[in-house]
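Okay, target01.cif is below, mmCIF, C-alpha atoms and all ligand atoms:
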data_run
#
loop_
_atom_site.group_PDB
_atom_site.id
_atom_site.type_symbol
_atom_site.label_atom_id
_atom_site.label_comp_id
_atom_site.auth_asym_id
_atom_site.auth_seq_id
_atom_site.Cartn_x
_atom_site.Cartn_y
_atom_site.Cartn_z
ATOM 1 C CA MET A 1 0.000 0.000 0.000
ATOM 2 C CA ILE A 2 1.312 3.463 -0.893
ATOM 3 C CA ILE A 3 -1.633 5.830 -0.550
ATOM 4 C CA GLY A 4 -2.793 5.862 3.050
ATOM 5 C CA ARG A 5 0.388 4.448 4.603
ATOM 6 C CA LYS A 6 0.179 7.459 6.935
ATOM 7 C CA VAL A 7 -3.162 9.172 7.601
ATOM 8 C CA VAL A 8 -3.636 12.234 9.813
ATOM 9 C CA PHE A 9 -7.011 13.736 10.811
ATOM 10 C CA LEU A 10 -7.174 17.402 11.822
ATOM 11 C CA GLU A 11 -10.124 19.275 13.232
ATOM 12 C CA GLU A 12 -9.120 22.511 11.540
ATOM 13 C CA THR A 13 -6.370 23.796 9.283
ATOM 14 C CA THR A 14 -5.904 26.479 6.643
ATOM 15 C CA SER A 15 -5.874 23.981 3.771
ATOM 16 C CA THR A 16 -4.939 20.298 3.764
ATOM 17 C CA ASN A 17 -2.821 21.114 0.687
ATOM 18 C CA ASP A 18 -0.673 23.355 2.951
ATOM 19 C CA ILE A 19 -0.052 20.498 5.394
ATOM 20 C CA ALA A 20 0.830 17.994 2.656
ATOM 21 C CA ALA A 21 3.103 20.566 0.945
ATOM 22 C CA GLN A 22 4.956 21.059 4.241
ATOM 23 C CA TRP A 23 5.400 17.279 4.420
ATOM 24 C CA GLY A 24 6.745 17.391 0.854
ATOM 25 C CA ARG A 25 9.397 19.956 1.865
ATOM 26 C CA GLU A 26 10.283 17.904 4.955
ATOM 27 C CA GLY A 27 10.865 14.717 2.935
ATOM 28 C CA VAL A 28 7.884 12.694 4.238
ATOM 29 C CA ALA A 29 7.370 9.503 2.182
ATOM 30 C CA GLU A 30 4.793 9.578 -0.630
ATOM 31 C CA GLY A 31 1.313 8.307 0.096
ATOM 32 C CA ALA A 32 0.812 10.311 3.311
ATOM 33 C CA VAL A 33 -2.745 11.668 3.581
ATOM 34 C CA VAL A 34 -4.215 14.477 5.648
ATOM 35 C CA PHE A 35 -7.945 15.017 6.236
ATOM 36 C CA ALA A 36 -9.451 18.101 7.856
ATOM 37 C CA GLU A 37 -12.875 18.602 9.353
ATOM 38 C CA ARG A 38 -12.704 22.327 8.498
ATOM 39 C CA GLN A 39 -10.442 24.423 6.268
ATOM 40 C CA THR A 40 -10.206 28.135 7.009
ATOM 41 C CA ALA A 41 -8.594 28.881 3.630
ATOM 42 C CA GLY A 42 -9.643 25.968 1.426
ATOM 43 C CA ARG A 43 -8.858 26.733 -2.196
ATOM 44 C CA GLY A 44 -9.882 25.538 -5.629
ATOM 45 C CA ARG A 45 -8.556 26.119 -9.132
ATOM 46 C CA MET A 46 -8.153 29.628 -10.510
ATOM 47 C CA GLY A 47 -7.786 31.078 -7.009
ATOM 48 C CA ARG A 48 -11.369 30.241 -6.058
ATOM 49 C CA ARG A 49 -12.352 29.462 -2.464
ATOM 50 C CA TRP A 50 -13.386 25.915 -1.610
ATOM 51 C CA GLU A 51 -16.108 25.609 1.027
ATOM 52 C CA SER A 52 -16.159 22.295 2.825
ATOM 53 C CA GLU A 53 -19.353 22.336 4.889
ATOM 54 C CA GLY A 54 -20.935 18.860 4.653
ATOM 55 C CA GLY A 55 -17.988 17.419 2.771
ATOM 56 C CA LEU A 56 -14.658 15.672 2.953
ATOM 57 C CA CYS A 57 -11.388 17.491 2.365
ATOM 58 C CA PHE A 58 -8.113 15.708 2.075
ATOM 59 C CA SER A 59 -4.730 15.862 0.404
ATOM 60 C CA VAL A 60 -2.306 13.186 -0.653
ATOM 61 C CA LEU A 61 1.449 13.750 -0.890
ATOM 62 C CA LEU A 62 2.998 12.061 -3.939
ATOM 63 C CA ARG A 63 6.491 11.824 -5.385
ATOM 64 C CA PRO A 64 5.816 10.686 -8.963
ATOM 65 C CA ALA A 65 8.320 10.511 -11.806
ATOM 66 C CA ALA A 66 8.445 13.950 -13.474
ATOM 67 C CA ALA A 67 6.864 12.512 -16.655
ATOM 68 C CA ASN A 68 3.731 11.664 -14.665
ATOM 69 C CA TRP A 69 3.072 15.071 -13.112
ATOM 70 C CA THR A 70 0.670 16.239 -15.800
ATOM 71 C CA ARG A 71 -1.256 12.969 -15.538
ATOM 72 C CA LEU A 72 -2.151 13.262 -11.874
ATOM 73 C CA THR A 73 -5.432 15.150 -12.197
ATOM 74 C CA THR A 74 -6.759 12.639 -14.738
ATOM 75 C CA TRP A 75 -5.637 9.695 -12.614
ATOM 76 C CA ALA A 76 -7.176 11.198 -9.451
ATOM 77 C CA GLY A 77 -10.453 11.890 -11.305
ATOM 78 C CA VAL A 78 -10.761 8.272 -12.456
ATOM 79 C CA ALA A 79 -9.800 6.943 -9.006
ATOM 80 C CA ILE A 80 -12.311 9.183 -7.194
ATOM 81 C CA ALA A 81 -15.042 8.283 -9.704
ATOM 82 C CA ARG A 82 -14.408 4.577 -9.057
ATOM 83 C CA GLY A 83 -14.356 5.169 -5.298
ATOM 84 C CA ILE A 84 -17.693 7.002 -5.419
ATOM 85 C CA GLU A 85 -19.271 4.177 -7.413
ATOM 86 C CA SER A 86 -18.021 1.642 -4.883
ATOM 87 C CA VAL A 87 -19.989 3.381 -2.110
ATOM 88 C CA LEU A 88 -22.976 4.231 -4.319
ATOM 89 C CA PRO A 89 -23.560 1.151 -6.465
ATOM 90 C CA GLY A 90 -25.680 1.984 -9.481
ATOM 91 C CA CYS A 91 -24.408 5.571 -9.716
ATOM 92 C CA ARG A 92 -22.292 6.651 -12.649
ATOM 93 C CA ALA A 93 -19.639 9.265 -11.884
ATOM 94 C CA GLY A 94 -18.617 11.479 -14.793
ATOM 95 C CA LEU A 95 -15.527 13.609 -15.307
ATOM 96 C CA LYS A 96 -15.570 17.176 -16.466
ATOM 97 C CA TRP A 97 -12.130 18.076 -17.717
ATOM 98 C CA PRO A 98 -9.859 19.052 -16.178
ATOM 99 C CA ASN A 99 -10.632 18.512 -12.514
ATOM 100 C CA ASP A 100 -14.302 17.991 -11.672
ATOM 101 C CA ILE A 101 -16.263 14.863 -10.811
ATOM 102 C CA TRP A 102 -19.923 15.046 -11.736
ATOM 103 C CA LEU A 103 -23.009 13.145 -10.654
ATOM 104 C CA ASN A 104 -26.358 13.643 -12.352
ATOM 105 C CA GLY A 105 -25.113 16.602 -14.398
ATOM 106 C CA LYS A 106 -23.634 18.574 -11.475
ATOM 107 C CA LYS A 107 -20.256 18.905 -9.796
ATOM 108 C CA THR A 108 -19.803 16.801 -6.695
ATOM 109 C CA ALA A 109 -16.020 16.898 -6.209
ATOM 110 C CA GLY A 110 -12.954 18.836 -7.346
ATOM 111 C CA ILE A 111 -9.256 18.124 -7.527
ATOM 112 C CA LEU A 112 -6.432 20.599 -7.003
ATOM 113 C CA CYS A 113 -2.870 19.431 -7.742
ATOM 114 C CA GLU A 114 -0.144 21.721 -6.442
ATOM 115 C CA SER A 115 3.630 21.815 -6.233
ATOM 116 C CA GLU A 116 6.141 24.664 -6.109
ATOM 117 C CA PRO A 117 9.234 25.795 -7.985
ATOM 118 C CA GLY A 118 12.249 23.850 -6.816
ATOM 119 C CA ALA A 119 10.125 21.153 -5.148
ATOM 120 C CA ASN A 120 12.292 18.060 -4.890
ATOM 121 C CA GLY A 121 9.826 15.850 -6.718
ATOM 122 C CA TRP A 122 6.693 16.273 -4.615
ATOM 123 C CA VAL A 123 3.144 17.037 -5.751
ATOM 124 C CA VAL A 124 0.078 17.405 -3.561
ATOM 125 C CA VAL A 125 -3.259 16.110 -4.827
ATOM 126 C CA GLY A 126 -6.076 17.824 -2.909
ATOM 127 C CA ILE A 127 -9.631 16.545 -3.106
ATOM 128 C CA GLY A 128 -12.836 18.154 -1.924
ATOM 129 C CA ILE A 129 -16.049 16.163 -2.164
ATOM 130 C CA ASN A 130 -19.607 17.089 -1.214
ATOM 131 C CA VAL A 131 -20.745 14.060 0.760
ATOM 132 C CA ASN A 132 -23.945 14.891 2.665
ATOM 133 C CA ALA A 133 -24.545 18.518 1.690
ATOM 134 C CA VAL A 134 -23.539 21.255 -0.701
ATOM 135 C CA PRO A 135 -22.340 24.574 0.735
ATOM 136 C CA GLU A 136 -25.150 27.151 0.570
ATOM 137 C CA ALA A 137 -23.521 29.342 -2.092
ATOM 138 C CA PHE A 138 -23.201 26.456 -4.578
ATOM 139 C CA ARG A 139 -26.599 24.748 -4.275
ATOM 140 C CA ASP A 140 -27.538 25.643 -7.874
ATOM 141 C CA GLN A 141 -24.385 24.361 -9.552
ATOM 142 C CA ALA A 142 -23.334 21.460 -7.351
ATOM 143 C CA THR A 143 -24.623 18.221 -5.872
ATOM 144 C CA SER A 144 -23.616 15.847 -3.079
ATOM 145 C CA LEU A 145 -23.282 12.078 -2.927
ATOM 146 C CA ARG A 146 -26.344 12.019 -0.690
ATOM 147 C CA ASP A 147 -28.381 14.130 -3.140
ATOM 148 C CA SER A 148 -27.573 11.717 -5.906
ATOM 149 C CA VAL A 149 -29.264 8.847 -4.102
ATOM 150 C CA THR A 150 -32.214 10.946 -2.952
ATOM 151 C CA ARG A 151 -35.258 10.078 -5.023
ATOM 152 C CA SER A 152 -38.614 11.642 -5.625
ATOM 153 C CA VAL A 153 -41.358 9.085 -5.017
ATOM 154 C CA PHE A 154 -44.846 10.302 -6.014
ATOM 155 C CA GLY A 155 -43.493 13.852 -5.889
ATOM 156 C CA VAL A 156 -42.166 13.464 -2.341
ATOM 157 C CA ARG A 157 -38.395 13.707 -1.781
ATOM 158 C CA ARG A 158 -37.120 10.525 -0.114
ATOM 159 C CA PHE A 159 -33.746 11.326 1.451
ATOM 160 C CA CYS A 160 -31.297 8.540 2.038
ATOM 161 C CA ALA A 161 -29.575 8.377 5.418
ATOM 162 C CA ALA A 162 -26.470 10.502 5.794
ATOM 163 C CA LEU A 163 -23.390 8.774 4.431
ATOM 164 C CA ASP A 164 -20.611 7.888 6.832
ATOM 165 C CA HIS A 165 -17.589 10.115 6.098
ATOM 166 C CA GLN A 166 -15.171 7.467 7.255
ATOM 167 C CA ALA A 167 -16.608 4.813 4.944
ATOM 168 C CA VAL A 168 -16.474 7.223 1.991
ATOM 169 C CA ALA A 169 -12.903 8.252 2.852
ATOM 170 C CA THR A 170 -11.780 4.626 3.078
ATOM 171 C CA ALA A 171 -13.355 3.787 -0.299
ATOM 172 C CA LEU A 172 -11.697 6.782 -1.970
ATOM 173 C CA LEU A 173 -8.234 5.989 -0.569
ATOM 174 C CA ARG A 174 -8.580 2.343 -1.584
ATOM 175 C CA ALA A 175 -9.519 3.314 -5.123
ATOM 176 C CA MET A 176 -6.598 5.757 -5.315
ATOM 177 C CA ASP A 177 -4.115 3.227 -3.998
ATOM 178 C CA ALA A 178 -5.372 0.444 -6.296
ATOM 179 C CA SER A 179 -4.989 2.614 -9.398
ATOM 180 C CA TYR A 180 -1.813 4.556 -8.564
ATOM 181 C CA LYS A 181 0.473 2.235 -10.520
ATOM 182 C CA GLU A 182 -2.096 1.329 -13.202
ATOM 183 C CA ASP A 183 -1.069 1.691 -16.820
ATOM 184 C CA PHE A 184 -1.886 5.305 -17.683
ATOM 185 C CA SER A 185 -3.240 4.445 -21.148
ATOM 186 C CA GLN A 186 -6.039 2.520 -19.390
ATOM 187 C CA ILE A 187 -6.719 5.478 -17.107
ATOM 188 C CA ILE A 188 -6.947 7.797 -20.125
ATOM 189 C CA ALA A 189 -9.295 5.416 -21.940
ATOM 190 C CA GLU A 190 -11.565 5.281 -18.885
ATOM 191 C CA ALA A 191 -11.398 9.063 -18.431
ATOM 192 C CA GLU A 192 -12.633 9.427 -22.023
ATOM 193 C CA THR A 193 -15.590 7.118 -21.445
ATOM 194 C CA ARG A 194 -16.455 9.020 -18.252
ATOM 195 C CA SER A 195 -16.039 12.441 -19.832
ATOM 196 C CA VAL A 196 -19.133 14.641 -19.862
ATOM 197 C CA LEU A 197 -17.562 16.841 -22.577
ATOM 198 C CA ILE A 198 -16.461 14.477 -25.330
ATOM 199 C CA ASN A 199 -18.495 14.634 -28.546
ATOM 200 C CA ARG A 200 -20.219 17.758 -27.296
ATOM 201 C CA SER A 201 -20.005 21.377 -28.271
ATOM 202 C CA VAL A 202 -17.938 23.145 -25.629
ATOM 203 C CA THR A 203 -16.990 26.732 -24.874
ATOM 204 C CA ILE A 204 -13.318 27.239 -24.080
ATOM 205 C CA HIS A 205 -12.086 30.198 -22.085
ATOM 206 C CA THR A 206 -8.366 30.969 -22.145
ATOM 207 C CA PRO A 207 -6.768 34.149 -20.791
ATOM 208 C CA THR A 208 -6.743 35.542 -24.355
ATOM 209 C CA GLU A 209 -9.848 34.168 -26.085
ATOM 210 C CA THR A 210 -13.204 32.446 -25.744
ATOM 211 C CA TYR A 211 -14.379 30.140 -28.517
ATOM 212 C CA GLN A 212 -16.592 27.169 -29.283
ATOM 213 C CA ALA A 213 -15.346 23.783 -30.468
ATOM 214 C CA ILE A 214 -16.223 20.096 -30.378
ATOM 215 C CA ALA A 215 -14.443 18.110 -27.653
ATOM 216 C CA GLU A 216 -12.930 15.081 -29.405
ATOM 217 C CA GLY A 217 -10.873 13.194 -26.844
ATOM 218 C CA LEU A 218 -7.985 13.185 -24.404
ATOM 219 C CA GLU A 219 -4.302 13.168 -25.297
ATOM 220 C CA PRO A 220 -1.886 10.657 -23.720
ATOM 221 C CA ASP A 221 -0.876 13.262 -21.088
ATOM 222 C CA GLY A 222 -4.483 14.114 -20.167
ATOM 223 C CA SER A 223 -4.801 17.310 -22.266
ATOM 224 C CA LEU A 224 -8.155 17.893 -23.995
ATOM 225 C CA ARG A 225 -8.286 17.624 -27.795
ATOM 226 C CA VAL A 226 -10.898 19.780 -29.500
ATOM 227 C CA ARG A 227 -11.769 20.556 -33.108
ATOM 228 C CA ARG A 228 -12.608 24.066 -34.190
ATOM 229 C CA GLU A 229 -13.629 24.704 -37.786
ATOM 230 C CA GLY A 230 -11.699 21.622 -38.919
ATOM 231 C CA GLU A 231 -8.557 22.513 -36.956
ATOM 232 C CA VAL A 232 -7.428 20.349 -34.015
ATOM 233 C CA ARG A 233 -6.359 22.172 -30.865
ATOM 234 C CA ILE A 234 -4.820 20.688 -27.729
ATOM 235 C CA ILE A 235 -5.876 22.391 -24.505
ATOM 236 C CA SER A 236 -3.658 21.807 -21.494
ATOM 237 C CA SER A 237 -5.240 24.296 -19.106
ATOM 238 C CA GLY A 238 -8.244 26.575 -18.959
ATOM 239 C CA GLU A 239 -11.955 26.591 -18.328
ATOM 240 C CA VAL A 240 -14.255 24.497 -20.479
ATOM 241 C CA SER A 241 -18.025 24.347 -20.264
ATOM 242 C CA VAL A 242 -20.688 22.565 -22.251
ATOM 243 C CA THR A 243 -22.187 25.066 -24.693
ATOM 244 C CA PRO A 244 -25.849 25.495 -23.732
ATOM 245 C CA SER A 245 -28.061 24.153 -26.517
ATOM 246 C CA PRO A 246 -30.465 26.670 -28.022
ATOM 247 C CA SER A 247 -33.934 26.543 -26.552
ATOM 248 C CA PRO A 248 -36.037 24.048 -28.593
ATOM 249 C CA HIS A 249 -39.030 26.409 -28.431
ATOM 250 C CA PRO A 250 -37.823 29.970 -28.862
ATOM 251 C CA PRO A 251 -40.282 32.406 -27.352
ATOM 252 C CA SER A 252 -42.830 33.445 -29.948
ATOM 253 C CA THR A 253 -42.701 37.091 -30.951
ATOM 254 C CA SER A 254 -46.048 37.091 -32.755
ATOM 255 C CA ALA A 255 -49.024 38.799 -31.145
ATOM 256 C CA ARG A 256 -51.773 36.488 -29.876
HETATM 257 C C1 LIG B 1 -11.688 22.799 -7.596
HETATM 258 O O1 LIG B 1 -12.755 22.255 -7.885
HETATM 259 O O2 LIG B 1 -11.411 23.926 -8.034
HETATM 260 C C2 LIG B 1 -10.706 22.047 -6.750
HETATM 261 C C3 LIG B 1 -11.159 21.987 -5.331
HETATM 262 C C4 LIG B 1 -10.165 21.272 -4.424
HETATM 263 C C5 LIG B 1 -10.537 21.387 -2.974
HETATM 264 C C6 LIG B 1 -9.663 20.535 -2.094
HETATM 265 S S1 LIG B 1 -10.301 20.380 -0.452
HETATM 266 C C7 LIG B 1 -8.830 19.613 0.035
HETATM 267 C C8 LIG B 1 -7.704 20.405 -0.616
HETATM 268 N N1 LIG B 1 -7.399 21.567 0.178
HETATM 269 C C9 LIG B 1 -7.673 22.695 -0.471
HETATM 270 O O3 LIG B 1 -7.489 23.844 -0.023
HETATM 271 N N2 LIG B 1 -8.149 22.425 -1.684
HETATM 272 C C10 LIG B 1 -8.233 20.995 -1.922
#

How does the structure come out when it is put into structure tokens?
Ligand code: BTN
Amino acid sequence: MIIGRKVVFLEETTSTNDIAAQWGREGVAEGAVVFAERQTAGRGRMGRRWESEGGLCFSVLLRPAAANWTRLTTWAGVAIARGIESVLPGCRAGLKWPNDIWLNGKKTAGILCESEPGANGWVVVGIGINVNAVPEAFRDQATSLRDSVTRSVFGVRRFCAALDHQAVATALLRAMDASYKEDFSQIIAEAETRSVLINRSVTIHTPTETYQAIAEGLEPDGSLRVRREGEVRIISSGEVSVTPSPSPHPPSTSAR
């Protein structure tokens, strides 16, 4: 076992990524994991805040070969998707490139990989997952594991019992450990089948332009391959969203 060979639980910290990064600088062996009940400065991609109310937050310290650094987000996405499905049989977890895990068309978890210049080979993989609730500010765009098994029966919402954080955490670490040394071409193939973007019209936002394209597939390093007006483009970072389809019934402008 590599991932989970050391596991630390904290009641509160700034960000579990900070703790794992400190371990990286101190030379702690790869596979160490830190969970926190609360993060006072939890962060997501693009400098966004990550709220953790009702969820699990943890970070894993890794020391991968340099060639594998760019693959970590894709690997973690596949591993977390498998872990979720092992606790919620019958659910299908999707991946929204580059770092989101989706259930029922909404984000349920995010991944933030971090390192620093001069790091002697360490990378931190931070994961935030909405388990029993979604923080207030994100209720429209996000879902939780518990929401995804809540059903409407005759119009009445039937909530499932709250999920046990420890059981979910164990399943996620197991799935990460089991796949850590898996052949990356298999991980990429699975990430493609789980992708919620591929074969769809997507809108790509880079610092310099915003454009529409068709998402075609993933490259061997995890980059997204899109086609725009016949030209193939490889996207290695940025924001991608599914282009909203035009309303099937445009509002009528004729007088009644
Ligand atoms: C994202 O969706 O933008 C990524 C969110 C990553 C959040 C996790 S929670 C554990 C770890 N600590 C942090 O501060 N961020 C990551």

Give one line per residue of chain A that approaches ligand LIG 1 (chain B) to at most 6 Å, naming the two atoms of the closest pair and their distance in Å to one decimal, counting all atoms listed in the file; sort by chain then ascending residue number and deliver it as a Markdown table.
| residue | atom | partner | partner_atom | distance |
| --- | --- | --- | --- | --- |
| A:Ser15 | CA | B:LIG1 | O3 | 4.1 |
| A:Thr16 | CA | B:LIG1 | N1 | 4.5 |
| A:Asn17 | CA | B:LIG1 | N1 | 4.6 |
| A:Gly42 | CA | B:LIG1 | O3 | 3.4 |
| A:Arg43 | CA | B:LIG1 | O3 | 3.9 |
| A:Gly44 | CA | B:LIG1 | O2 | 3.3 |
| A:Arg45 | CA | B:LIG1 | O2 | 3.8 |
| A:Trp50 | CA | B:LIG1 | C5 | 5.5 |
| A:Cys57 | CA | B:LIG1 | C7 | 4.1 |
| A:Phe58 | CA | B:LIG1 | C7 | 4.5 |
| A:Ser59 | CA | B:LIG1 | C8 | 5.5 |
| A:Asp100 | CA | B:LIG1 | O1 | 5.9 |
| A:Gly110 | CA | B:LIG1 | O1 | 3.5 |
| A:Ile111 | CA | B:LIG1 | C2 | 4.3 |
| A:Leu112 | CA | B:LIG1 | C2 | 4.5 |
| A:Gly126 | CA | B:LIG1 | C8 | 3.8 |
| A:Ile127 | CA | B:LIG1 | C6 | 4.1 |
| A:Gly128 | CA | B:LIG1 | S1 | 3.7 |

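Distance-wise, CA of Gly47 in chain A and CA of Tyr180 in chain A end up 27.2 Å apart.
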
Env of Phe35 in chain A: 12 Å cut, atoms = all atoms listed in the file, seq-sep filter 5 positions within chain, self excluded. Answer as a PyMOL selection string. chain A and resi 4+6-20+52+55-61+126-129+165-166+169-170+173

What separates CA of Gly105 in chain A and CA of Ser144 in chain A is a distance of 11.4 Å

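Among the candidate residues A:Leu218, A:Ala161, A:Leu172, A:Ala93, the one lying nearest to Thr143 in chain A is A:Ala93, with distances computed using all atoms listed in the file.
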
From the list A:Arg200, A:His205, A:Arg174, A:Arg139, which residue is nearest Val242 in chain A when using all atoms listed in the file? A:Arg200

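In terms of minimum interatomic distance to Glu192 in chain A, A:Val78 ranks closest within A:Cys113, A:Val156, A:Val78, A:Ala175, counting all atoms listed in the file.
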
Of the candidates A:Lys96, A:Asn132, A:Glu37, A:Asn199, which shows the shortest atom-to-atom distance to Leu163 in chain A, using all atoms listed in the file?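 Between A:Lys96, A:Asn132, A:Glu37, A:Asn199, the residue approaching Leu163 in chain A most closely is A:Asn132.
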
As lines of an AutoDock Vina configuration file: centre and edge lengths in Å, one decimal, of the axis-aligned box holding range 227-240 of chain A with 5 Å per side:
center_x = -9.0
center_y = 23.5
center_z = -28.6
size_x = 20.6
size_y = 16.2
size_z = 30.6

For the atom pair CA of Ser115 in chain A and CA of Pro64 in chain A, what is the interatomic distance in Å to one decimal place? 11.7 Å

From the list A:Leu197, A:Val131, A:Val28, A:Ala36, which residue is nearest Asp164 in chain A when using only C-alpha atoms?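 When distances to Asp164 in chain A are compared using only C-alpha atoms, the smallest one comes from A:Val131.
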
Give me the result of the PyMOL selection byres (((chain A and resi 219) around 12) and not hetatm) on this file, residue by residue, as a PyMOL selection string. chain A and resi 70-71+74+97+184-185+187-189+191-192+215-218+220-226+232-236

Set the distance at 8 Å and use all atoms listed in the file: which residues neighbour Val87 in chain A once local chain neighbours fewer than 5 positions away are removed? I'd like the list as an MDAnalysis selection string. chainID A and resid 167:168 171
